[in-house]
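J.: Below you will find the structure I want to go over with you.
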Amino acid sequence: MARIHLLDALTIEQIRAGEVIERPSSVVKELVENAIDAGAHTIRVSIAGGGITEIVVQDDGEGMTPDDAQLAVQRHATSKLTKSDDLFTLSTLGFRGEALASIAAVSHLEILTRVPEAMEGIRVKVSGSVRAETAPAASPAGTTVTVRQLFFNTPPRRAFLKSPTSEGSHIEEMLISLALSRPEVRIVFTWEQRVVFDAVPQTTSVARAQAVLGKDWAQNLIVLPPTEEPGMGVEVSGVIAPPDRHRNTRTGQYFFVNRRSVKSQPLSYALSRGYGELLPAGRFPLGVLFLDVPLHTVDVNVHPTKREVKFQDERTVLHELVLQVRKALDQSNLFKTASLPHVPPTQTFGHDVPVPDPRDYPMRQQSASTSPPPLVEPALRMMPKPPPQAPLMPTPIAPTTQPVLWRRPDGEEFRIVGQSHELFVLVEVEGELWVVDQHAAHERVMYEQVLTALQQRQGESQALLLPLIFDLPPAARAAFEEVQGDLTALGFAIHPFGGNTYQLQATPPYFRASDVPDLILELLQARAEGRSDNAVEAKREDLAARIACKVKSVKAGQTLSAEAMKALVMSLLASKSPFVCPHGRPTMMRLPVSQLAGQFDRR
């Protein structure tokens with residue numbers, strides 16, 4: 001008896017449908033994309049039972065003739081392709097000719113459609129790939145597709161669906177992506193007769209994001225500047241959130257390639273690289289990003305549901321995305337402002353409580369024999385005491401272009417007020433008091449100096465009086481060999497000393513020799529846990545951030561002289577990104593004088 005046999009037609013249809021229709025959101029995606037391709041100006045989507053019970057998608061597009069409507073529910077029927085070469089120049093969303101046939105194979109499907117010039121439309125009903133009804137019917141211009149009882153004939157697939165609430169949330173997320181991709185199309189989403197959102201046509205990405213994502217999500221969005229010279233025809237546009245708004249997942253990231261919504265891990269990595277050290281570790285930025293590339297340079301048919309794409313030159317595309325995101329952030333004011341709540345005097349002293357008058361408490365005369373009270377050093381010192389050992393400070397570099405924000409009314413760039421608690425440097429500028437975290441600021445300065453030395457391969461080296469011998473685990477040898485060239489360029493001299501033993505003969509002047517083994521082990525762990533991507537620029541940035549954290553930097557609790565504080569602030573303001581340290585923490589915060597005055601009830 002033969003063990004190999006051909007499957008029956010119904011089983012084949014259900015297997016094919018399972019490749020395209022994974023859950024109710026897959027149905028919504030296919031139907032809405034067809035409506036967009038049909039030139040619809042308004043698309044209305046309503047669901048019941050999380051889309052499992054019913055899905056209705058109505059559009060005012062070009063509609064279908066009776067012949068086209070009957071043909072559309074058959075396998076491999078499409079208006080988007082005529083020959084195989086068209087696969088490499090696709091500009092439409094639905095093109096494989098399997099959407100309606102796949103949906104019909106696992107549901108009760110009804111299509112009601114009419115072209116604008118026809119007097120009447122047609123209704124086509126299909127249940128489990130079996131044609132149930134085809135008849136003329138009254139219909140508005142456009143197409144209405146109703147899907148009921150999804151997976152009614154495939155109980156195992158239906159059993160693996162989530163709750164109606166969960167499935168409905170997937171549909172909402174899918175519609176948000178589609179609405180963001182087509183701001184010129186009105187998309188109305190109704191869930192259990194409740195309107196979730198009504199995205200009317202908008203002209204900008206910011207307005208569209210506010211309509212479907214909410215005003216809180218779209219607050220203070222940064223618009224990417226126009227691509228000046230698109231590399232290989234790659235153009236990047238869209239909006240991103242400020243670095244202080246981030247999530248612990250990638251759910252707030254929306255990517256569109258030629259206005260097709262895609263999920264792409266490389267694009268997500270590139271977006272995070274664009275933020276670089278502006279983000280805390282393990283956090284992900286928010287953004288709505290559009291990439292326009294020549295049609296022949298992207299393959300949109302690498303996944304059955306078309307949610308992934310493959311670029312012909314992925315490196316160029318990712319580089320352009322990183323470049324545009326960094327340019328947008330560099331042109332934005334990322335200064336963090338502290339908000340001081342104003343407490344009215346009536347909340348502190350009621351109307352029936354008298355305000356103390358200093359004249360009510362006369363000064364007590366002290367006798368000559370009375371010892372003076374002990375002096376208490378205030379937390380804020382106008383002239384701090386000299387440090388026992390002057391810290392290693394970078395050479396200040398005057399910025400080429402200084403914003404007006406960094407000047408005082410008398411024309412001076414700033415004035416060092418003093419140091420507070422050996423933690424913060426207080427700086428006076430026009431209308432504001434800045435509080436600078438001395439350790440975070442010095443890390444930022446050293447990070448950029450190390451990164452520049454890496455890029456220019458011109459690091460200074462200082463020989464050790466006594467070479468340092470250290471061992472590395474066998475697994476760390478690969479990490480060391482990977483970064484050895486960059487370490488040498490920075491001024492490290494590390495040589496094998498037999499087996500897993502190495503000898504450190506020289507370091508940069510700013511680096512502690514004893515930290516070299518830990519540095520290499522940290523790099524190994526980051527590679528093993530996937531916390532550093534494979535791009536050369538990303539690896540160098542990761543190395544520079546780790547070195548900056550271990551340098552002989554200004555520490556918390558260290559007293560600084562007035563000259564050291566001024567050099568630190570000047571070097572910070574001269575850096576490319578002075579607002580955060582390499583780990584994403586703020587380097588300084590500004591306190592508007594108007595808010596401070598309000599705390600003292602000064603108007």
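If you're wondering about the labels, chains in the structure tokens are A, B, ... by order shown, residues count from 1 in each chain, ligands from 1 in order shown.
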I want to know what sits within 8 Å of range 583-592 of chain A, based on only C-alpha atoms, with residues of the same chain fewer than 3 positions away left out; could you give that as a PyMOL selection string?
T.: chain A and resi 277-281+335-339+431-438+440-441+444+545+578-580+595-596
J.: Would you output that residue set with N, CA and C atoms, as a CSV table (one decimal), in the first residue's frame?
T.:
chain,number,residue,atom,x,y,z
A,277,GLU,N,24.2,57.0,22.7
A,277,GLU,CA,24.2,57.1,24.1
A,277,GLU,C,23.2,58.0,24.7
A,278,LEU,N,22.3,58.5,23.9
A,278,LEU,CA,21.2,59.4,24.5
A,278,LEU,C,20.2,58.5,25.2
A,279,LEU,N,20.2,57.2,24.9
A,279,LEU,CA,19.2,56.3,25.6
A,279,LEU,C,19.8,55.5,26.7
A,280,PRO,N,19.1,55.3,27.8
A,280,PRO,CA,19.6,54.4,28.8
A,280,PRO,C,19.7,53.0,28.3
A,281,ALA,N,20.5,52.2,28.9
A,281,ALA,CA,20.7,50.8,28.4
A,281,ALA,C,19.4,50.0,28.6
A,335,PHE,N,17.8,70.0,26.1
A,335,PHE,CA,18.1,70.4,27.5
A,335,PHE,C,16.9,70.1,28.4
A,336,LYS,N,17.2,69.4,29.5
A,336,LYS,CA,16.2,69.0,30.4
A,336,LYS,C,15.9,70.2,31.4
A,337,THR,N,14.7,70.5,31.5
A,337,THR,CA,14.3,71.6,32.4
A,337,THR,C,13.6,71.1,33.6
A,338,ALA,N,14.0,71.5,34.8
A,338,ALA,CA,13.3,71.1,36.1
A,338,ALA,C,12.1,72.0,36.3
A,339,SER,N,11.0,71.4,36.7
A,339,SER,CA,9.8,72.1,36.9
A,339,SER,C,9.6,72.2,38.4
A,431,GLY,N,18.9,84.2,32.5
A,431,GLY,CA,17.6,83.8,33.0
A,431,GLY,C,17.5,82.5,33.6
A,432,GLU,N,18.6,81.8,33.8
A,432,GLU,CA,18.6,80.4,34.2
A,432,GLU,C,19.7,80.1,35.2
A,433,LEU,N,19.5,79.1,36.0
A,433,LEU,CA,20.6,78.5,36.8
A,433,LEU,C,20.7,77.1,36.4
A,434,TRP,N,21.9,76.7,35.9
A,434,TRP,CA,22.2,75.3,35.5
A,434,TRP,C,22.8,74.5,36.7
A,435,VAL,N,22.4,73.3,36.8
A,435,VAL,CA,23.0,72.4,37.7
A,435,VAL,C,23.6,71.3,36.9
A,436,VAL,N,24.9,71.2,36.9
A,436,VAL,CA,25.7,70.3,36.1
A,436,VAL,C,26.2,69.1,36.9
A,437,ASP,N,25.9,67.9,36.6
A,437,ASP,CA,26.4,66.7,37.2
A,437,ASP,C,27.9,66.6,36.8
A,438,GLN,N,28.8,66.8,37.7
A,438,GLN,CA,30.2,66.9,37.4
A,438,GLN,C,30.8,65.5,36.8
A,440,ALA,N,28.9,63.0,35.3
A,440,ALA,CA,28.3,62.7,34.0
A,440,ALA,C,28.8,63.7,32.9
A,441,ALA,N,29.1,64.9,33.3
A,441,ALA,CA,29.6,65.9,32.3
A,441,ALA,C,31.0,65.4,31.9
A,444,ARG,N,30.9,62.5,29.5
A,444,ARG,CA,30.5,63.0,28.1
A,444,ARG,C,31.7,63.5,27.4
A,545,ALA,N,32.2,54.4,25.1
A,545,ALA,CA,31.4,54.6,26.3
A,545,ALA,C,31.9,53.8,27.5
A,578,PRO,N,26.0,67.7,24.4
A,578,PRO,CA,26.3,68.0,25.8
A,578,PRO,C,25.2,67.6,26.8
A,579,PHE,N,24.1,67.2,26.4
A,579,PHE,CA,23.0,67.1,27.3
A,579,PHE,C,22.9,65.7,28.1
A,580,VAL,N,23.6,64.7,27.6
A,580,VAL,CA,23.5,63.4,28.3
A,580,VAL,C,24.9,62.8,28.3
A,595,GLN,N,10.9,80.6,37.7
A,595,GLN,CA,10.3,79.6,38.6
A,595,GLN,C,10.9,79.7,40.0
A,596,LEU,N,12.2,80.0,40.1
A,596,LEU,CA,12.8,80.2,41.4
A,596,LEU,C,12.2,81.4,42.1
J.: For range 490-500 of chain A, find every residue with an atom within 7 Å (counting only C-alpha atoms), except residues of its own chain fewer than 6 positions away, and show them as a list in words.
T.: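 Near neighbours after the sequence-gap exclusion: Ala453, Leu454, Arg457, Gln458, Gly459, Glu460, Ser461, Asp471, Leu472, Pro473, Pro474, Ala506, Thr507 and Pro508 of chain A.
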J.: How would the residues just chosen look if you wrote them out with N, CA, C and O atoms as a PDB file, in the first residue's frame?
T.:
ATOM      1  N   ALA A 453      39.505  59.941  18.926  1.00  0.00           N
ATOM      2  CA  ALA A 453      40.786  59.246  18.799  1.00  0.00           C
ATOM      3  C   ALA A 453      40.629  57.920  18.063  1.00  0.00           C
ATOM      4  O   ALA A 453      41.496  57.525  17.270  1.00  0.00           O
ATOM      5  N   LEU A 454      39.530  57.226  18.295  1.00  0.00           N
ATOM      6  CA  LEU A 454      39.275  55.969  17.583  1.00  0.00           C
ATOM      7  C   LEU A 454      39.101  56.210  16.095  1.00  0.00           C
ATOM      8  O   LEU A 454      39.616  55.462  15.262  1.00  0.00           O
ATOM      9  N   ARG A 457      42.447  57.364  14.744  1.00  0.00           N
ATOM     10  CA  ARG A 457      43.529  56.410  15.014  1.00  0.00           C
ATOM     11  C   ARG A 457      44.780  57.121  15.528  1.00  0.00           C
ATOM     12  O   ARG A 457      45.907  56.791  15.151  1.00  0.00           O
ATOM     13  N   GLN A 458      44.586  58.099  16.397  1.00  0.00           N
ATOM     14  CA  GLN A 458      45.711  58.890  16.898  1.00  0.00           C
ATOM     15  C   GLN A 458      45.618  59.053  18.415  1.00  0.00           C
ATOM     16  O   GLN A 458      45.509  60.158  18.938  1.00  0.00           O
ATOM     17  N   GLY A 459      45.623  57.960  19.138  1.00  0.00           N
ATOM     18  CA  GLY A 459      45.554  58.033  20.580  1.00  0.00           C
ATOM     19  C   GLY A 459      46.931  58.192  21.218  1.00  0.00           C
ATOM     20  O   GLY A 459      47.925  57.677  20.707  1.00  0.00           O
ATOM     21  N   GLU A 460      46.993  58.924  22.336  1.00  0.00           N
ATOM     22  CA  GLU A 460      48.253  59.085  23.054  1.00  0.00           C
ATOM     23  C   GLU A 460      48.517  57.850  23.914  1.00  0.00           C
ATOM     24  O   GLU A 460      47.596  57.198  24.389  1.00  0.00           O
ATOM     25  N   SER A 461      49.799  57.545  24.117  1.00  0.00           N
ATOM     26  CA  SER A 461      50.178  56.356  24.870  1.00  0.00           C
ATOM     27  C   SER A 461      51.185  56.736  25.944  1.00  0.00           C
ATOM     28  O   SER A 461      52.040  57.609  25.739  1.00  0.00           O
ATOM     29  N   ASP A 471      45.248  37.586  33.201  1.00  0.00           N
ATOM     30  CA  ASP A 471      44.731  36.427  32.473  1.00  0.00           C
ATOM     31  C   ASP A 471      43.317  36.718  31.988  1.00  0.00           C
ATOM     32  O   ASP A 471      42.553  37.452  32.625  1.00  0.00           O
ATOM     33  N   LEU A 472      42.994  36.103  30.870  1.00  0.00           N
ATOM     34  CA  LEU A 472      41.644  36.182  30.325  1.00  0.00           C
ATOM     35  C   LEU A 472      41.084  34.783  30.160  1.00  0.00           C
ATOM     36  O   LEU A 472      41.826  33.857  29.802  1.00  0.00           O
ATOM     37  N   PRO A 473      39.778  34.585  30.397  1.00  0.00           N
ATOM     38  CA  PRO A 473      39.181  33.283  30.111  1.00  0.00           C
ATOM     39  C   PRO A 473      39.293  32.972  28.619  1.00  0.00           C
ATOM     40  O   PRO A 473      39.375  33.899  27.790  1.00  0.00           O
ATOM     41  N   PRO A 474      39.310  31.697  28.247  1.00  0.00           N
ATOM     42  CA  PRO A 474      39.423  31.359  26.814  1.00  0.00           C
ATOM     43  C   PRO A 474      38.364  32.046  25.959  1.00  0.00           C
ATOM     44  O   PRO A 474      38.654  32.475  24.842  1.00  0.00           O
ATOM     45  N   ALA A 506      51.411  49.607  28.072  1.00  0.00           N
ATOM     46  CA  ALA A 506      51.132  51.047  27.990  1.00  0.00           C
ATOM     47  C   ALA A 506      49.628  51.270  27.921  1.00  0.00           C
ATOM     48  O   ALA A 506      48.866  50.407  27.479  1.00  0.00           O
ATOM     49  N   THR A 507      49.206  52.432  28.384  1.00  0.00           N
ATOM     50  CA  THR A 507      47.799  52.834  28.339  1.00  0.00           C
ATOM     51  C   THR A 507      47.719  54.295  27.936  1.00  0.00           C
ATOM     52  O   THR A 507      48.726  55.024  27.993  1.00  0.00           O
ATOM     53  N   PRO A 508      46.548  54.782  27.543  1.00  0.00           N
ATOM     54  CA  PRO A 508      46.383  56.227  27.372  1.00  0.00           C
ATOM     55  C   PRO A 508      46.582  56.924  28.720  1.00  0.00           C
ATOM     56  O   PRO A 508      46.371  56.323  29.776  1.00  0.00           O
TER      57      PRO A 508
END
J.: Take CA of Gly214 in chain A and CA of Phe290 in chain A and report the distance between them in Å, one decimal.
T.: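 These atoms are spaced 19.5 Å apart.
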J.: Just list the residues in range 117-147 of chain A DSSP gives strand (DSSP E or B) on the backbone, as a list in words.
T.: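 Taking range 117-147 of chain A and keeping strand (DSSP E or B) only, one gets Gly121, Ile122, Arg123, Val124, Lys125, Val126, Ser127, Val130, Arg131, Ala132, Glu133, Thr134, Ala135, Pro136, Ala137, Gly142, Thr143, Thr144, Val145, Thr146 and Val147 of chain A.
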J.: Using the selection just defined, write its residues with N, CA and C atoms as an mmCIF file, in the first residue's frame.
T.:
data_model
loop_
_atom_site.group_PDB
_atom_site.id
_atom_site.type_symbol
_atom_site.label_atom_id
_atom_site.label_comp_id
_atom_site.auth_asym_id
_atom_site.auth_seq_id
_atom_site.Cartn_x
_atom_site.Cartn_y
_atom_site.Cartn_z
ATOM 1 N N GLY A 121 -24.871 46.660 -8.108
ATOM 2 C CA GLY A 121 -23.658 45.925 -7.802
ATOM 3 C C GLY A 121 -23.908 44.435 -7.791
ATOM 4 N N ILE A 122 -23.021 43.713 -7.099
ATOM 5 C CA ILE A 122 -23.119 42.262 -7.026
ATOM 6 C C ILE A 122 -22.739 41.801 -5.628
ATOM 7 N N ARG A 123 -23.397 40.753 -5.163
ATOM 8 C CA ARG A 123 -23.074 40.131 -3.897
ATOM 9 C C ARG A 123 -22.551 38.724 -4.165
ATOM 10 N N VAL A 124 -21.357 38.436 -3.594
ATOM 11 C CA VAL A 124 -20.742 37.115 -3.730
ATOM 12 C C VAL A 124 -20.531 36.554 -2.349
ATOM 13 N N LYS A 125 -21.044 35.342 -2.107
ATOM 14 C CA LYS A 125 -20.870 34.674 -0.816
ATOM 15 C C LYS A 125 -20.098 33.373 -1.015
ATOM 16 N N VAL A 126 -19.082 33.191 -0.160
ATOM 17 C CA VAL A 126 -18.268 31.980 -0.202
ATOM 18 C C VAL A 126 -18.107 31.489 1.227
ATOM 19 N N SER A 127 -18.260 30.174 1.436
ATOM 20 C CA SER A 127 -18.131 29.593 2.763
ATOM 21 C C SER A 127 -17.200 28.393 2.694
ATOM 22 N N VAL A 130 -16.327 27.216 -0.728
ATOM 23 C CA VAL A 130 -17.476 26.739 -1.509
ATOM 24 C C VAL A 130 -18.368 27.930 -1.849
ATOM 25 N N ARG A 131 -18.593 28.173 -3.138
ATOM 26 C CA ARG A 131 -19.422 29.290 -3.574
ATOM 27 C C ARG A 131 -20.858 29.054 -3.134
ATOM 28 N N ALA A 132 -21.410 30.001 -2.348
ATOM 29 C CA ALA A 132 -22.760 29.831 -1.829
ATOM 30 C C ALA A 132 -23.783 30.672 -2.568
ATOM 31 N N GLU A 133 -23.394 31.879 -3.024
ATOM 32 C CA GLU A 133 -24.368 32.763 -3.677
ATOM 33 C C GLU A 133 -23.639 33.772 -4.532
ATOM 34 N N THR A 134 -24.197 34.064 -5.691
ATOM 35 C CA THR A 134 -23.748 35.148 -6.547
ATOM 36 C C THR A 134 -24.990 35.766 -7.152
ATOM 37 N N ALA A 135 -25.264 37.025 -6.816
ATOM 38 C CA ALA A 135 -26.499 37.642 -7.289
ATOM 39 C C ALA A 135 -26.337 39.148 -7.337
ATOM 40 N N PRO A 136 -27.098 39.818 -8.240
ATOM 41 C CA PRO A 136 -27.098 41.281 -8.259
ATOM 42 C C PRO A 136 -27.648 41.817 -6.938
ATOM 43 N N ALA A 137 -27.164 42.997 -6.566
ATOM 44 C CA ALA A 137 -27.608 43.579 -5.304
ATOM 45 C C ALA A 137 -27.374 45.073 -5.314
ATOM 46 N N GLY A 142 -17.995 51.266 -4.468
ATOM 47 C CA GLY A 142 -16.906 50.767 -3.653
ATOM 48 C C GLY A 142 -17.134 49.313 -3.295
ATOM 49 N N THR A 143 -16.505 48.866 -2.211
ATOM 50 C CA THR A 143 -16.567 47.455 -1.830
ATOM 51 C C THR A 143 -16.750 47.325 -0.329
ATOM 52 N N THR A 144 -17.627 46.405 0.061
ATOM 53 C CA THR A 144 -17.807 46.050 1.466
ATOM 54 C C THR A 144 -17.564 44.555 1.605
ATOM 55 N N VAL A 145 -16.600 44.178 2.425
ATOM 56 C CA VAL A 145 -16.281 42.773 2.650
ATOM 57 C C VAL A 145 -16.616 42.433 4.096
ATOM 58 N N THR A 146 -17.406 41.378 4.274
ATOM 59 C CA THR A 146 -17.790 40.918 5.606
ATOM 60 C C THR A 146 -17.262 39.504 5.817
ATOM 61 N N VAL A 147 -16.558 39.316 6.921
ATOM 62 C CA VAL A 147 -15.976 38.010 7.266
ATOM 63 C C VAL A 147 -16.570 37.580 8.597
#
J.: Would you kindly return, as a JSON list (two decimals) with C-alpha atoms, in the first residue's frame, each protein, DNA or RNA residue with an atom no farther than 8 Å from any atom of Ile47 in chain A, considering only C-alpha atoms and excluding same-chain residues fewer than 6 positions away?
T.:
[["chain", "number", "residue", "atom", "x", "y", "z"],
["A", 53, "THR", "CA", -17.04, 36.67, 15.19],
["A", 54, "GLU", "CA", -17.19, 39.36, 12.51],
["A", 55, "ILE", "CA", -15.04, 41.76, 10.51],
["A", 56, "VAL", "CA", -16.52, 44.37, 8.15],
["A", 168, "GLY", "CA", -8.90, 43.09, 18.93],
["A", 190, "THR", "CA", -15.11, 50.66, 15.37],
["A", 191, "TRP", "CA", -14.82, 47.93, 18.00],
["A", 192, "GLU", "CA", -18.06, 46.48, 19.38]]
J.: Write out as a ChimeraX atom specification each polymer residue whose atoms come within 10 Å of range 150-156 of chain A, counting only C-alpha atoms; drop sequence neighbours fewer than 6 positions from it.
T.: /A:14,18,21-24,27,51-55,103-109,127-128
J.: Take the residues from that selection and write them out as a PDB file, in the first residue's frame, keeping C-alpha atoms.
T.:
ATOM      1  CA  GLN A  14      -6.734  25.351   4.248  1.00  0.00           C
ATOM      2  CA  GLY A  18      -2.890  29.250   7.032  1.00  0.00           C
ATOM      3  CA  ILE A  21      -4.228  34.222   7.558  1.00  0.00           C
ATOM      4  CA  GLU A  22      -2.673  33.774  10.988  1.00  0.00           C
ATOM      5  CA  ARG A  23      -5.259  35.625  13.060  1.00  0.00           C
ATOM      6  CA  PRO A  24      -8.050  38.218  12.631  1.00  0.00           C
ATOM      7  CA  VAL A  27      -7.648  39.469   7.583  1.00  0.00           C
ATOM      8  CA  GLY A  51     -12.589  39.933  14.816  1.00  0.00           C
ATOM      9  CA  ILE A  52     -13.271  36.243  15.366  1.00  0.00           C
ATOM     10  CA  THR A  53     -17.039  36.670  15.186  1.00  0.00           C
ATOM     11  CA  GLU A  54     -17.191  39.359  12.513  1.00  0.00           C
ATOM     12  CA  ILE A  55     -15.043  41.764  10.511  1.00  0.00           C
ATOM     13  CA  ILE A 103     -10.000  34.296   3.776  1.00  0.00           C
ATOM     14  CA  ALA A 104     -12.835  32.473   2.035  1.00  0.00           C
ATOM     15  CA  ALA A 105     -11.198  29.106   2.763  1.00  0.00           C
ATOM     16  CA  VAL A 106     -11.470  29.570   6.552  1.00  0.00           C
ATOM     17  CA  SER A 107     -14.564  31.731   7.036  1.00  0.00           C
ATOM     18  CA  HIS A 108     -17.980  32.765   5.783  1.00  0.00           C
ATOM     19  CA  LEU A 109     -17.086  35.533   3.313  1.00  0.00           C
ATOM     20  CA  SER A 127     -18.131  29.593   2.763  1.00  0.00           C
ATOM     21  CA  GLY A 128     -15.058  27.425   3.289  1.00  0.00           C
TER      22      GLY A 128
END
J.: With a distance cut-off of 12 Å and only C-alpha atoms, select the neighbouring residues of His439 in chain A, excluding the residue or stretch itself and same-chain residues fewer than 2 positions from it, and output the selection as a count of residues only.
T.: 39
J.: Ranking A:Ser139, A:Gln505, A:Ser129, A:Ser177 by minimum distance to Glu33 in chain A and counting only C-alpha atoms, which one comes first?
T.: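 Once distances to Glu33 in chain A are computed over only C-alpha atoms, the minimum belongs to A:Ser177.
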J.: Have a look at A:Val309, A:Ile222, A:Ala101, A:Ala48 and name the one nearest to Arg194 in chain A; count only C-alpha atoms.
T.: A:Ala48
J.: Per residue of range 136-232 of chain A within 9 Å of range 250-259 of chain A, record the nearest atom pair and its distance in Å to one decimal, counting only C-alpha atoms, with rows in chain order and ascending residue number, as a tab-separated table.
T.:
residue	atom	partner	partner_atom	distance
A:Ser177	CA	A:Tyr254	CA	6.7
A:Leu178	CA	A:Arg259	CA	8.9
A:Leu180	CA	A:Tyr254	CA	8.4
A:Ser181	CA	A:Arg259	CA	5.5
A:Arg182	CA	A:Arg259	CA	7.4
A:Trp217	CA	A:Gly252	CA	8.9
J.: For the residues in that selection, give me N, CA, C and O atoms as a PDB file, in the first residue's frame.
T.:
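And here is the file that came out, result39.pdb:
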ATOM      1  N   SER A 177      -0.789  51.169  12.214  1.00  0.00           N
ATOM      2  CA  SER A 177       0.304  51.173  11.243  1.00  0.00           C
ATOM      3  C   SER A 177      -0.191  51.586   9.864  1.00  0.00           C
ATOM      4  O   SER A 177       0.438  52.407   9.177  1.00  0.00           O
ATOM      5  N   LEU A 178      -1.327  51.023   9.439  1.00  0.00           N
ATOM      6  CA  LEU A 178      -1.859  51.360   8.121  1.00  0.00           C
ATOM      7  C   LEU A 178      -2.299  52.815   8.059  1.00  0.00           C
ATOM      8  O   LEU A 178      -2.103  53.490   7.034  1.00  0.00           O
ATOM      9  N   LEU A 180      -1.021  55.305   9.814  1.00  0.00           N
ATOM     10  CA  LEU A 180       0.177  56.141   9.773  1.00  0.00           C
ATOM     11  C   LEU A 180       0.796  56.155   8.383  1.00  0.00           C
ATOM     12  O   LEU A 180       1.377  57.159   7.967  1.00  0.00           O
ATOM     13  N   SER A 181       0.684  55.049   7.667  1.00  0.00           N
ATOM     14  CA  SER A 181       1.322  54.960   6.348  1.00  0.00           C
ATOM     15  C   SER A 181       0.583  55.768   5.294  1.00  0.00           C
ATOM     16  O   SER A 181       1.174  56.146   4.277  1.00  0.00           O
ATOM     17  N   ARG A 182      -0.695  56.047   5.513  1.00  0.00           N
ATOM     18  CA  ARG A 182      -1.509  56.765   4.510  1.00  0.00           C
ATOM     19  C   ARG A 182      -2.266  57.911   5.169  1.00  0.00           C
ATOM     20  O   ARG A 182      -3.466  57.837   5.426  1.00  0.00           O
ATOM     21  N   TRP A 217       1.457  60.555  23.159  1.00  0.00           N
ATOM     22  CA  TRP A 217       2.499  59.877  22.390  1.00  0.00           C
ATOM     23  C   TRP A 217       3.171  60.865  21.443  1.00  0.00           C
ATOM     24  O   TRP A 217       4.394  60.831  21.263  1.00  0.00           O
TER      25      TRP A 217
END
J.: If you count only C-alpha atoms, which residues fall within 9 Å of Phe189 in chain A, apart from same-chain ones fewer than 2 positions away, as JSON, numbers by chain?
T.: {"A": [43, 44, 45, 46, 47, 172, 175, 187, 191, 194, 195, 196, 197, 198, 199]}
